[in-house]
$ cat target.txt   # compact mmCIF, C-alpha atoms
# COMPACT_ATOMS: atom_id res chain seq x y z
CA MET A 1 -2.77 -0.17 41.35
CA LYS A 2 -2.80 2.45 38.60
CA TYR A 3 0.92 2.06 38.03
CA LYS A 4 0.70 -1.73 37.64
CA LYS A 5 -2.11 -1.61 35.11
CA TYR A 6 -0.50 1.02 32.91
CA LEU A 7 2.87 -0.72 33.17
CA PHE A 8 1.19 -3.86 31.83
CA SER A 9 -0.35 -1.78 29.01
CA LEU A 10 3.08 -0.36 28.20
CA SER A 11 4.61 -3.85 28.15
CA TRP A 12 1.85 -5.03 25.84
CA LEU A 13 2.37 -2.04 23.52
CA HIS A 14 6.09 -2.75 23.31
CA SER A 15 5.39 -6.41 22.46
CA ILE A 16 2.86 -5.42 19.79
CA LEU A 17 5.30 -3.07 18.08
CA LEU A 18 8.00 -5.75 17.98
CA GLU A 19 5.73 -8.58 16.81
CA ARG A 20 3.89 -6.63 14.10
CA ARG A 21 7.10 -6.57 12.08
CA LYS A 22 6.59 -10.23 11.14
CA PHE A 23 3.48 -9.25 9.15
CA LYS A 24 5.64 -7.21 6.74
CA THR A 25 3.70 -4.38 5.06
CA LEU A 26 0.47 -5.36 6.82
CA GLY A 27 2.30 -4.71 10.09
CA PHE A 28 4.25 -1.55 9.29
CA ASN A 29 5.01 0.14 6.00
CA LYS A 30 8.65 0.34 7.11
CA PRO A 31 10.60 -1.79 9.60
CA TYR A 32 11.58 0.02 12.80
CA ASP A 33 14.21 -0.91 15.39
CA PHE A 34 12.22 -0.49 18.57
CA ASN A 35 14.33 -1.63 21.51
CA ASP A 36 14.48 -1.87 25.31
CA SER A 37 15.64 1.73 25.70
CA ASP A 38 12.31 2.91 24.23
CA PHE A 39 10.46 0.87 26.82
CA LEU A 40 12.62 2.02 29.73
CA ILE A 41 12.26 5.71 28.84
CA CYS A 42 8.48 5.36 28.57
CA HIS A 43 8.48 3.52 31.90
CA ASP A 44 10.26 6.46 33.54
CA LEU A 45 7.79 8.89 31.94
CA LEU A 46 4.89 6.83 33.24
CA ILE A 47 6.25 6.94 36.80
CA VAL A 48 6.81 10.72 36.67
CA LEU A 49 3.33 11.53 35.33
CA LEU A 50 1.54 9.19 37.75
CA ASP A 51 3.48 10.65 40.70
CA GLU A 52 2.95 14.26 39.62
CA TYR A 53 -0.76 13.82 38.93
CA PRO A 54 -2.04 11.17 41.35
CA LYS A 55 -5.73 12.14 41.09
CA SER A 56 -6.18 12.84 37.40
CA THR A 57 -3.82 11.19 34.91
CA PRO A 58 -2.94 13.51 31.98
CA PHE A 59 -3.66 10.99 29.23
CA LYS A 60 -3.11 13.44 26.38
CA ALA A 61 0.38 14.23 27.63
CA LEU A 62 1.10 10.55 28.28
CA GLN A 63 -0.11 9.55 24.81
CA TYR A 64 1.96 12.29 23.18
CA LEU A 65 5.17 11.45 25.05
CA ILE A 66 4.86 7.72 24.33
CA GLY A 67 3.35 7.77 20.84
CA GLU A 68 4.89 10.90 19.36
CA ALA A 69 8.08 11.77 21.22
CA ASN A 70 9.53 8.40 22.14
CA TYR A 71 8.33 5.45 20.07
CA GLY A 72 7.05 7.88 17.46
CA GLY A 73 10.50 9.43 17.19
CA ARG A 74 11.62 6.35 15.27
CA VAL A 75 8.60 6.28 12.95
CA THR A 76 9.09 8.05 9.62
CA ASP A 77 5.97 6.97 7.73
CA GLU A 78 2.79 9.00 8.24
CA TRP A 79 0.48 5.97 8.21
CA ASP A 80 2.70 4.04 10.60
CA GLN A 81 2.52 7.03 12.92
CA LYS A 82 -1.28 6.96 12.76
CA LEU A 83 -1.27 3.24 13.56
CA LEU A 84 1.01 3.82 16.54
CA GLY A 85 -1.36 6.54 17.72
CA VAL A 86 -4.28 4.10 17.53
CA TYR A 87 -2.51 1.65 19.82
CA VAL A 88 -1.37 4.31 22.29
CA GLU A 89 -4.85 5.82 22.56
CA THR A 90 -6.32 2.34 23.08
CA PHE A 91 -3.93 1.19 25.81
CA PHE A 92 -3.60 4.46 27.77
CA CYS A 93 -7.08 5.62 28.63
CA GLU A 94 -9.41 5.83 31.61
CA GLU A 95 -11.14 2.56 30.70
CA VAL A 96 -8.02 0.59 31.67
CA MET A 97 -8.70 1.55 35.28
CA GLN A 98 -12.48 1.44 35.16
CA GLN A 99 -12.76 -2.11 33.78
CA ASN A 100 -11.71 -5.14 35.81
CA GLN A 101 -10.21 -6.91 32.81
CA PHE A 102 -9.59 -4.37 30.06
CA LEU A 103 -9.34 -6.25 26.75
CA LEU A 104 -6.11 -5.69 24.82
CA SER A 105 -7.34 -7.37 21.63
CA ASP A 106 -10.41 -8.99 20.11
CA LEU A 107 -9.48 -12.25 21.86
CA PRO A 108 -10.85 -12.67 25.41
CA GLU A 109 -7.65 -14.24 26.80
CA TYR A 110 -5.60 -11.07 26.31
CA TYR A 111 -6.48 -8.46 28.93
CA VAL A 112 -4.99 -6.30 31.68
CA PRO A 113 -5.13 -8.58 34.76
CA ARG A 114 -6.58 -7.52 38.08
CA ASP A 115 -4.33 -5.87 40.65
CA GLY A 116 -2.11 -8.36 42.43
CA ASN A 117 1.44 -9.26 43.37
CA LEU A 118 4.27 -10.10 40.98
CA ASP A 119 3.54 -13.83 41.09
CA SER A 120 -0.06 -13.27 39.98
CA TYR A 121 1.14 -11.40 36.88
CA LYS A 122 3.69 -14.12 36.12
CA SER A 123 1.00 -16.75 36.49
CA TYR A 124 -1.29 -14.90 34.07
CA ILE A 125 1.46 -14.49 31.49
CA ALA A 126 2.44 -18.18 31.77
CA GLN A 127 -1.06 -19.34 30.84
CA LEU A 128 -1.19 -17.25 27.63
CA PRO A 129 -1.03 -19.22 24.34
CA HIS A 130 2.51 -20.17 23.32
CA ILE A 131 1.68 -19.49 19.68
CA ASP A 132 0.03 -16.10 19.32
CA ASP A 133 -3.03 -15.78 17.15
CA PRO A 134 -2.72 -12.92 14.59
CA ALA A 135 -5.84 -11.41 16.18
CA ALA A 136 -3.76 -10.70 19.28
CA PHE A 137 -2.01 -8.02 17.22
CA GLY A 138 -5.18 -6.78 15.55
CA GLN A 139 -4.52 -8.84 12.41
CA HIS A 140 -6.58 -11.29 10.37
CA PRO A 141 -5.26 -14.88 9.94
CA ASN A 142 -4.71 -14.05 6.26
CA ALA A 143 -1.97 -11.62 7.32
CA GLU A 144 0.15 -14.50 8.59
CA ILE A 145 -0.31 -16.33 5.29
CA SER A 146 0.68 -13.20 3.39
CA SER A 147 3.88 -12.75 5.41
CA GLN A 148 4.80 -16.42 4.94
CA ILE A 149 4.36 -16.06 1.18
CA GLU A 150 6.66 -13.01 1.22
CA GLU A 151 9.29 -14.88 3.23
CA ALA A 152 9.11 -17.88 0.89
CA ASN A 153 9.49 -15.63 -2.16
CA SER A 154 12.45 -13.90 -0.55
CA LEU A 155 14.11 -17.27 0.11
CA LEU A 156 13.50 -18.43 -3.46
CA ASN A 157 14.91 -15.17 -4.85
CA THR A 158 18.04 -15.60 -2.74
CA LEU A 159 18.49 -19.20 -3.94
CA SER A 160 17.94 -18.06 -7.53
CA GLU A 161 20.70 -15.47 -7.24
CA LEU A 162 23.10 -18.14 -5.96
CA ARG A 163 22.64 -20.28 -9.07
CA SER A 164 25.65 -20.74 -11.30
CA ASP A 165 23.90 -22.20 -14.35
CA ARG A 166 23.26 -18.89 -16.08
CA ILE A 167 22.57 -18.91 -19.80
CA LEU A 168 25.72 -18.10 -21.68
CA VAL A 169 25.39 -16.03 -24.80
CA GLY A 170 26.48 -18.07 -27.80
CA GLY A 171 26.66 -21.26 -25.70
CA ASN A 172 24.66 -24.46 -25.85
CA ASP A 173 21.68 -22.72 -24.32
CA GLY A 174 21.44 -20.20 -27.14
CA ASN A 175 18.02 -21.44 -28.25
CA THR A 176 16.70 -21.04 -24.73
CA GLY A 177 18.10 -17.52 -24.59
CA GLU A 178 16.42 -16.62 -27.87
CA LEU A 179 13.15 -18.04 -26.56
CA ILE A 180 13.35 -15.85 -23.46
CA ILE A 181 14.19 -12.76 -25.52
CA SER A 182 11.27 -13.49 -27.84
CA LYS A 183 8.93 -12.72 -24.93
CA LEU A 184 9.63 -9.07 -25.69
CA ASP A 185 8.24 -9.40 -29.24
CA LYS A 186 4.66 -8.88 -28.04
CA ILE A 187 5.49 -5.41 -26.72
CA PRO A 188 4.43 -2.75 -29.28
CA GLY A 189 6.74 -0.07 -30.59
CA PRO A 190 6.78 3.61 -29.55
CA PHE A 191 3.81 5.89 -30.18
CA ASP A 192 3.67 8.03 -33.31
CA VAL A 193 3.94 11.69 -32.32
CA GLY A 194 1.68 12.53 -35.27
CA GLN A 195 -1.13 10.65 -33.56
CA ILE A 196 -0.87 12.97 -30.56
CA GLU A 197 -1.04 16.05 -32.79
CA SER A 198 -4.12 14.67 -34.54
CA TYR A 199 -5.72 13.93 -31.16
CA ASN A 200 -5.11 17.48 -29.93
CA LYS A 201 -6.81 18.93 -33.02
CA ARG A 202 -9.99 16.85 -32.95
CA THR A 203 -10.62 16.39 -29.23
CA PHE A 204 -12.36 18.68 -26.77
CA ASP A 205 -10.55 17.30 -23.72
CA PRO A 206 -9.51 19.95 -21.18
CA SER A 207 -5.97 21.19 -21.65
CA ALA A 208 -4.84 19.67 -18.32
CA MET A 209 -5.85 16.19 -19.52
CA LYS A 210 -4.14 16.76 -22.88
CA THR A 211 -0.93 17.75 -21.10
CA PHE A 212 -1.08 14.68 -18.89
CA LEU A 213 -1.66 12.36 -21.86
CA LEU A 214 1.27 13.89 -23.75
CA GLN A 215 3.57 13.44 -20.73
CA GLU A 216 2.49 9.81 -20.29
CA VAL A 217 3.11 9.06 -23.96
CA GLN A 218 6.56 10.63 -23.76
CA ARG A 219 7.45 8.52 -20.71
CA TYR A 220 6.24 5.29 -22.27
CA ASN A 221 7.96 6.12 -25.55
CA CYS A 222 11.27 6.31 -23.70
CA LEU A 223 10.60 2.90 -22.13
CA LEU A 224 9.45 1.31 -25.38
CA ALA A 225 12.50 2.65 -27.24
CA LEU A 226 14.77 1.23 -24.52
CA LEU A 227 13.05 -2.17 -24.74
CA LYS A 228 13.43 -2.29 -28.52
CA GLN A 229 17.10 -1.32 -28.34
CA THR A 230 17.79 -3.89 -25.60
CA LYS A 231 16.01 -6.63 -27.53
CA ASP A 232 17.99 -5.88 -30.70
CA ASP A 233 21.28 -5.80 -28.78
CA LEU A 234 20.54 -9.12 -27.08
CA HIS A 235 19.70 -10.76 -30.42
CA MET A 236 23.00 -9.55 -31.89
CA ALA A 237 24.93 -10.63 -28.78
CA MET A 238 23.39 -14.11 -29.00
CA LYS A 239 24.68 -14.34 -32.56
CA GLY A 240 28.12 -13.09 -31.57
CA LEU A 241 27.85 -9.93 -33.66
CA ILE A 242 28.53 -7.58 -30.76
CA VAL A 243 30.36 -7.87 -27.44
CA LEU A 244 28.20 -8.76 -24.44
CA SER A 245 28.61 -5.76 -22.13
CA PRO A 246 28.17 -6.07 -18.33
CA GLN A 247 24.91 -4.12 -18.67
CA LEU A 248 23.52 -6.54 -21.26
CA GLU A 249 24.66 -9.52 -19.21
CA SER A 250 22.84 -8.12 -16.17
CA VAL A 251 19.66 -7.71 -18.24
CA MET A 252 19.97 -11.24 -19.61
CA ASN A 253 20.45 -12.72 -16.15
CA LYS A 254 17.28 -10.99 -14.96
CA LEU A 255 15.32 -12.29 -17.95
CA VAL A 256 16.60 -15.82 -17.31
CA ASP A 257 15.21 -15.58 -13.77
CA PHE A 258 11.93 -14.21 -15.19
CA LYS A 259 12.49 -10.90 -13.43
CA VAL A 260 12.22 -7.36 -14.73
CA PRO A 261 15.62 -5.64 -15.19
CA SER A 262 16.09 -2.77 -12.75
CA LYS A 263 16.71 -0.26 -15.55
CA TRP A 264 13.22 -0.89 -16.93
CA LEU A 265 11.69 -0.27 -13.52
CA GLN A 266 13.00 3.29 -13.51
CA PHE A 267 9.98 4.33 -15.61
CA TYR A 268 7.34 3.12 -13.14
CA PRO A 269 7.51 0.87 -10.06
CA SER A 270 6.32 -2.73 -10.19
CA MET A 271 6.84 -5.98 -8.28
CA LYS A 272 5.44 -8.27 -10.98
CA PRO A 273 7.41 -11.14 -12.52
CA LEU A 274 8.53 -10.78 -16.13
CA ASP A 275 5.54 -12.34 -17.92
CA SER A 276 3.00 -10.46 -15.81
CA TRP A 277 4.96 -7.24 -16.24
CA ILE A 278 4.96 -7.60 -20.04
CA ASN A 279 1.21 -8.28 -20.11
CA ASP A 280 0.64 -5.33 -17.79
CA LEU A 281 2.75 -3.04 -20.00
CA CYS A 282 0.79 -4.09 -23.08
CA GLU A 283 -2.48 -3.22 -21.32
CA ARG A 284 -1.06 0.17 -20.32
CA ILE A 285 -0.10 0.92 -23.92
CA LYS A 286 -3.51 -0.29 -25.11
CA GLN A 287 -5.33 2.16 -22.80
CA LEU A 288 -3.26 5.12 -24.03
CA ASP A 289 -3.65 4.02 -27.67
CA GLN A 290 -7.45 3.84 -27.34
CA TRP A 291 -7.51 7.23 -25.63
CA ILE A 292 -5.54 8.77 -28.52
CA ASN A 293 -7.24 7.04 -31.47
CA ASN A 294 -10.81 6.55 -30.27
CA GLU A 295 -12.13 8.74 -27.47
CA THR A 296 -11.56 9.69 -23.86
CA PRO A 297 -12.29 6.56 -21.78
CA LYS A 298 -15.54 6.44 -19.83
CA VAL A 299 -13.70 4.52 -17.10
CA PHE A 300 -9.99 5.09 -16.49
CA TRP A 301 -7.69 2.27 -15.45
CA LEU A 302 -5.68 4.30 -12.93
CA SER A 303 -3.11 1.51 -12.52
CA GLY A 304 -2.15 1.96 -16.17
CA PHE A 305 -0.53 5.36 -15.67
CA ALA A 306 3.12 5.82 -14.76
CA TYR A 307 2.18 8.79 -12.57
CA PRO A 308 -1.36 8.26 -11.23
CA SER A 309 -1.01 11.25 -8.90
CA CYS A 310 -0.46 13.51 -11.90
CA PHE A 311 -3.63 12.18 -13.52
CA LEU A 312 -5.68 12.96 -10.42
CA THR A 313 -4.13 16.43 -10.24
CA SER A 314 -5.12 17.08 -13.86
CA VAL A 315 -8.71 16.11 -12.97
CA LEU A 316 -8.65 18.61 -10.09
CA GLN A 317 -7.22 21.29 -12.37
CA THR A 318 -9.98 20.69 -14.90
CA THR A 319 -12.69 20.98 -12.25
CA ALA A 320 -11.11 24.09 -10.74
CA ARG A 321 -11.10 25.84 -14.13
CA ASN A 322 -14.68 24.83 -14.89
CA LYS A 323 -15.94 26.08 -11.52
CA GLY A 324 -13.64 29.10 -11.37
CA CYS A 325 -12.21 28.17 -7.99
CA ALA A 326 -8.75 27.54 -6.57
CA ILE A 327 -7.48 23.99 -6.89
CA ASP A 328 -6.52 24.04 -3.19
CA SER A 329 -10.19 24.48 -2.30
CA LEU A 330 -11.09 21.12 -3.85
CA SER A 331 -11.07 17.73 -2.18
CA TRP A 332 -12.26 14.27 -3.21
CA GLU A 333 -15.53 12.50 -2.64
CA PHE A 334 -15.65 8.79 -3.40
CA HIS A 335 -18.76 6.96 -4.57
CA LEU A 336 -18.41 3.22 -5.06
CA MET A 337 -20.54 1.71 -7.79
CA LYS A 338 -22.36 -1.59 -7.49
CA LYS A 339 -20.42 -4.61 -8.70
CA GLY A 340 -21.14 -5.20 -12.39
CA GLU A 341 -22.91 -1.86 -12.80
CA ASN A 342 -22.85 -0.70 -16.42
CA ILE A 343 -21.16 2.65 -17.11
CA SER A 344 -22.63 4.18 -20.27
CA ALA A 345 -21.19 7.70 -20.10
CA ARG A 346 -18.54 9.80 -18.40
CA PRO A 347 -19.59 11.59 -15.20
CA ASP A 348 -20.34 15.32 -15.24
CA ASP A 349 -17.67 15.91 -12.55
CA GLY A 350 -14.62 13.81 -11.87
CA VAL A 351 -13.79 10.41 -13.34
CA TYR A 352 -14.69 6.76 -12.97
CA ILE A 353 -11.71 4.69 -11.79
CA THR A 354 -11.17 0.94 -12.03
CA GLY A 355 -8.32 -1.47 -11.31
CA LEU A 356 -8.00 -1.02 -7.53
CA TYR A 357 -7.33 -3.89 -5.12
CA LEU A 358 -8.18 -4.07 -1.42
CA GLU A 359 -5.64 -5.64 0.93
CA GLY A 360 -6.43 -6.66 4.51
CA ALA A 361 -10.21 -6.55 4.08
CA GLN A 362 -12.96 -7.17 1.54
CA TRP A 363 -15.65 -4.95 0.05
CA ASP A 364 -19.29 -5.87 0.54
CA SER A 365 -20.81 -4.53 -2.66
CA ALA A 366 -24.37 -5.30 -1.54
CA ASN A 367 -24.16 -3.19 1.61
CA GLY A 368 -21.43 -0.82 0.44
CA ASN A 369 -18.96 -1.23 3.31
CA LEU A 370 -15.84 -3.03 4.48
CA ILE A 371 -16.08 -6.58 5.81
CA GLU A 372 -13.61 -9.21 6.96
CA PRO A 373 -11.85 -10.99 4.07
CA MET A 374 -12.59 -14.57 3.11
CA PRO A 375 -10.02 -17.15 4.28
CA MET A 376 -6.93 -17.31 2.04
CA THR A 377 -7.97 -14.10 0.26
CA ILE A 378 -4.97 -11.78 0.43
CA GLN A 379 -6.20 -9.15 -2.04
CA SER A 380 -9.59 -8.62 -3.65
CA GLU A 381 -10.76 -6.46 -6.54
CA MET A 382 -12.72 -3.30 -5.85
CA PRO A 383 -15.70 -2.11 -7.91
CA ILE A 384 -15.55 1.02 -10.05
CA ILE A 385 -15.14 4.15 -7.93
CA HIS A 386 -16.33 7.62 -8.88
CA PHE A 387 -13.60 10.10 -7.92
CA LYS A 388 -15.55 13.36 -7.64
CA PRO A 389 -13.82 16.69 -6.88
CA THR A 390 -15.86 18.88 -4.53
CA GLU A 391 -15.21 22.19 -2.83
CA THR A 392 -13.78 21.57 0.60
CA LYS A 393 -16.35 21.45 3.36
CA LYS A 394 -16.65 19.71 6.69
CA ARG A 395 -18.25 16.32 6.30
CA ASN A 396 -19.16 13.72 8.88
CA LYS A 397 -16.60 10.96 8.57
CA ASP A 398 -17.47 9.02 11.72
CA ASP A 399 -18.72 6.11 9.62
CA MET A 400 -15.68 6.18 7.34
CA TYR A 401 -12.25 4.56 7.31
CA ASN A 402 -9.58 6.79 5.79
CA CYS A 403 -7.91 4.15 3.59
CA PRO A 404 -4.48 4.83 2.03
CA LEU A 405 -4.03 4.07 -1.66
CA TYR A 406 -0.60 2.84 -2.78
CA ALA A 407 0.80 2.45 -6.28
CA TYR A 408 2.20 -1.04 -5.62
CA PRO A 409 2.62 -3.52 -2.71
CA GLN A 410 5.86 -1.95 -1.43
CA ARG A 411 3.99 0.66 0.57
CA ALA A 412 7.07 2.52 1.77
CA GLY A 413 8.14 3.16 -1.81
CA THR A 414 11.78 3.90 -2.67
CA SER A 415 14.05 6.92 -2.73
CA GLN A 416 12.96 7.46 -6.35
CA TRP A 417 9.27 6.56 -6.13
CA SER A 418 6.68 7.39 -3.50
CA SER A 419 4.12 4.59 -3.33
CA PHE A 420 1.42 6.62 -1.59
CA VAL A 421 -1.13 8.22 -3.92
CA LEU A 422 -3.98 9.54 -1.75
CA ALA A 423 -6.43 8.49 0.98
CA VAL A 424 -9.85 7.11 0.01
CA ASP A 425 -12.82 7.25 2.38
CA LEU A 426 -14.52 3.85 2.66
CA LYS A 427 -17.53 3.02 4.79
CA ARG A 428 -16.26 1.02 7.75
CA GLY A 429 -19.40 -1.09 8.32
CA ASN A 430 -19.94 -2.45 11.83
CA LYS A 431 -16.23 -2.31 12.70
CA SER A 432 -14.43 0.78 13.95
CA ALA A 433 -11.88 2.71 11.93
CA ARG A 434 -9.29 1.63 14.52
CA HIS A 435 -10.08 -2.00 13.75
CA TRP A 436 -9.28 -1.57 10.05
CA ALA A 437 -6.17 0.49 10.87
CA LYS A 438 -4.83 -2.39 12.98
CA ARG A 439 -5.60 -4.74 10.10
CA GLY A 440 -3.33 -2.66 7.87
CA VAL A 441 -6.13 -2.26 5.33
CA ALA A 442 -5.05 -0.40 2.20
CA LEU A 443 -5.90 -0.04 -1.48
CA LEU A 444 -3.36 -1.00 -4.16
CA LEU A 445 -3.14 0.00 -7.81
CA SER A 446 -1.23 -3.17 -8.70
CA THR A 447 -0.27 -6.50 -7.15
CA SER A 448 2.90 -8.57 -7.25
CA GLU A 449 1.28 -11.30 -9.36
$ encode --input "target.txt" --output "structure tokens"
Amino acid sequence: MKYKKYLFSLSWLHSILLERRKFKTLGFNKPYDFNDSDFLICHDLLIVLLDEYPKSTPFKALQYLIGEANYGGRVTDEWDQKLLGVYVETFFCEEVMQQNQFLLSDLPEYYVPRDGNLDSYKSYIAQLPHIDDPAAFGQHPNAEISSQIEEANSLLNTLSELRSDRILVGGNDGNTGELIISKLDKIPGPFDVGQIESYNKRTFDPSAMKTFLLQEVQRYNCLLALLKQTKDDLHMAMKGLIVLSPQLESVMNKLVDFKVPSKWLQFYPSMKPLDSWINDLCERIKQLDQWINNETPKVFWLSGFAYPSCFLTSVLQTTARNKGCAIDSLSWEFHLMKKGENISARPDDGVYITGLYLEGAQWDSANGNLIEPMPMTIQSEMPIIHFKPTETKKRNKDDMYNCPLYAYPQRAGTSQWSSFVLAVDLKRGNKSARHWAKRGVALLLSTSE
């Protein structure tokens, strides 16, 4: 009896891991090639442990061997590993035996059936819905919509790359090419280094913040200089004054498709289309310009920094110096403000942060906790959050969901850029932390729109 029930749990786990891939980043941060050999090895482990310990099943050992050693051996992302652990701990526990019909999801039709012969299990499986509800995998219906949007965009991108009607420099479409290039005219020029020197003389900002600002300006200056040079070269190529190099042609083809050239994305990651990317860049430059010429912002737009992790580190360094403690002894506390709350001054400790988006859930500003998202709402804006450094101490986090914060929708990042920034504690409301983990709930600094 015990063997049959845990075998069914193992089969369900294997199915979940395979099917969650269709939800893209809401399923797993990275795609994994789980296969039948993983299932067969875990099946053998299950038999050995149940035979060796017939009276008391060693669940910790079973969970480790399945979730860490076998299936977990393929998982390379920390948050995917945590999600796998949630499923393993849910499906391999004493309650599976104690309950007659242990629920495998929030839906009542998915459960571990009562003990019976092979035909009874086949009969139960045959009556399951032919089209699985996203809730069967711990997901919200919005997750299916999100994955379908991603698949549609991928198809359209592929079709776009197969087009042959590219704009030819100096051809009949020259006016169209000039119009596309003119989109870059709204981007401002590089910062004046003299402005930075003037800022350093008159401001009382901590040295860590000054260093961060200088590094950000240097990075954006490199990008802005590249954009200006590329724009000038494209104008000259359109007029036939210089030869169109393969690099310039590649840039032009991207602009024609309203995409951001890959060379520009080396300065900070983004999945936005061209127009949105240009508007976003202008807002980033505006925030730095106001910081330099006016005063330190009361509320920081964290999404506007090329290296948000460096900004948060500079805040920790500032607090550590003020308190005379080691930076390693500090951790973050997060206080979410009420929606529309007016911020009149900077906080005594830490910083106010805006510009975050919540994916997979929604924030109830009235009650201050996570709730299920509205239908068709893929991402929603978060209120201003007070990031407050505090000396490390044990705090009760039973009512919290440890929510990962990513720089952009591609949660796995790339070989050059790590998307993960830090984990933010959010009140979980009347749902468990496991519930939100299965939902794939995460915070984003920017969207793909």
$ closest_residue --input "target.txt" --among "A:Cys93, A:Glu178, A:Leu330, A:Lys263" --to "Asp233 (chain A)" --atoms "only C-alpha atoms"
A:Glu178
$ closest_residue --input "target.txt" --among "A:Ala306, A:Gly189, A:Ala366, A:Lys259" --to "Asn157 (chain A)" --atoms "all atoms listed in the file"
A:Lys259
$ residues_around --input "target.txt" --residues "Ile196 (chain A)" --least-positions-apart "3" --cutoff "9 Å" --atoms "all atoms listed in the file" --output "PyMOL selection string"
chain A and resi 191-193+199-201+213-214+217+292-293
$ residues_around --input "target.txt" --residues "Trp332 (chain A)" --least-positions-apart "6" --cutoff "8 Å" --atoms "only C-alpha atoms" --output "list in words"
Phe387, Lys388, Pro389 and Thr390 of chain A
$ residues_around --input "target.txt" --residues "Met271 (chain A)" --least-positions-apart "2" --cutoff "9 Å" --atoms "all atoms listed in the file" --output "list of chain:residue names"
A:Val260, A:Pro269, A:Pro273, A:Trp277, A:Tyr408, A:Pro409, A:Gln410, A:Ser446, A:Thr447, A:Ser448, A:Glu449
$ residues_around --input "target.txt" --residues "Asp106 (chain A)" --least-positions-apart "6" --cutoff "8 Å" --atoms "all atoms listed in the file" --output "mmCIF file with C-alpha atoms, keeping the file's coordinate frame"
data_model
loop_
_atom_site.group_PDB
_atom_site.id
_atom_site.type_symbol
_atom_site.label_atom_id
_atom_site.label_comp_id
_atom_site.auth_asym_id
_atom_site.auth_seq_id
_atom_site.Cartn_x
_atom_site.Cartn_y
_atom_site.Cartn_z
ATOM 1 C CA ALA A 135 -5.840 -11.410 16.180
ATOM 2 C CA ALA A 136 -3.760 -10.700 19.280
ATOM 3 C CA GLY A 138 -5.180 -6.780 15.550
#
$ closest_residue --input "target.txt" --among "A:His140, A:Lys4, A:Lys254, A:His386" --to "Tyr121 (chain A)" --atoms "only C-alpha atoms"
A:Lys4
$ residues_near_point --input "target.txt" --point "(-21.3, -4.0, -6.1)" --cutoff "9 Å" --atoms "only C-alpha atoms" --output "count of residues only"
15
$ atom_distance --input "target.txt" --atom1 "CA of Leu312 (chain A)" --atom2 "CA of Gly360 (chain A)"
24.7 Å
$ closest_residue --input "target.txt" --among "A:Ile385, A:Ile378, A:Val96, A:Val299" --to "Ser344 (chain A)" --atoms "all atoms listed in the file"
A:Val299
$ closest_residue --input "target.txt" --among "A:Leu234, A:Leu46, A:Leu10, A:Ile371" --to "Gly429 (chain A)" --atoms "only C-alpha atoms"
A:Ile371
$ decode --input "target.txt" --residues "region 15-23 of chain A" --atoms "N, CA, C and O atoms" --output "PDB file, in the first residue's frame"
ATOM      1  N   SER A  15       5.638  14.198 -13.816  1.00  0.00           N
ATOM      2  CA  SER A  15       4.765  14.881 -14.774  1.00  0.00           C
ATOM      3  C   SER A  15       4.788  16.389 -14.562  1.00  0.00           C
ATOM      4  O   SER A  15       4.815  17.161 -15.528  1.00  0.00           O
ATOM      5  N   ILE A  16       4.774  16.805 -13.292  1.00  0.00           N
ATOM      6  CA  ILE A  16       4.809  18.236 -12.977  1.00  0.00           C
ATOM      7  C   ILE A  16       6.070  18.884 -13.533  1.00  0.00           C
ATOM      8  O   ILE A  16       6.031  19.954 -14.160  1.00  0.00           O
ATOM      9  N   LEU A  17       7.207  18.245 -13.321  1.00  0.00           N
ATOM     10  CA  LEU A  17       8.479  18.819 -13.753  1.00  0.00           C
ATOM     11  C   LEU A  17       8.548  18.938 -15.271  1.00  0.00           C
ATOM     12  O   LEU A  17       9.153  19.880 -15.803  1.00  0.00           O
ATOM     13  N   LEU A  18       7.941  17.987 -15.976  1.00  0.00           N
ATOM     14  CA  LEU A  18       7.937  18.053 -17.436  1.00  0.00           C
ATOM     15  C   LEU A  18       6.980  19.133 -17.939  1.00  0.00           C
ATOM     16  O   LEU A  18       7.301  19.888 -18.855  1.00  0.00           O
ATOM     17  N   GLU A  19       5.789  19.218 -17.328  1.00  0.00           N
ATOM     18  CA  GLU A  19       4.755  20.113 -17.826  1.00  0.00           C
ATOM     19  C   GLU A  19       4.990  21.570 -17.434  1.00  0.00           C
ATOM     20  O   GLU A  19       4.509  22.473 -18.121  1.00  0.00           O
ATOM     21  N   ARG A  20       5.717  21.814 -16.351  1.00  0.00           N
ATOM     22  CA  ARG A  20       5.951  23.207 -15.954  1.00  0.00           C
ATOM     23  C   ARG A  20       6.792  23.961 -16.971  1.00  0.00           C
ATOM     24  O   ARG A  20       6.782  25.201 -17.002  1.00  0.00           O
ATOM     25  N   ARG A  21       7.498  23.243 -17.819  1.00  0.00           N
ATOM     26  CA  ARG A  21       8.348  23.911 -18.808  1.00  0.00           C
ATOM     27  C   ARG A  21       7.533  24.761 -19.776  1.00  0.00           C
ATOM     28  O   ARG A  21       8.047  25.735 -20.341  1.00  0.00           O
ATOM     29  N   LYS A  22       6.258  24.390 -19.984  1.00  0.00           N
ATOM     30  CA  LYS A  22       5.454  25.152 -20.949  1.00  0.00           C
ATOM     31  C   LYS A  22       5.097  26.542 -20.429  1.00  0.00           C
ATOM     32  O   LYS A  22       4.659  27.397 -21.206  1.00  0.00           O
ATOM     33  N   PHE A  23       5.276  26.772 -19.126  1.00  0.00           N
ATOM     34  CA  PHE A  23       4.987  28.087 -18.559  1.00  0.00           C
ATOM     35  C   PHE A  23       6.196  29.024 -18.603  1.00  0.00           C
ATOM     36  O   PHE A  23       6.174  30.095 -17.987  1.00  0.00           O
TER      37      PHE A  23
END
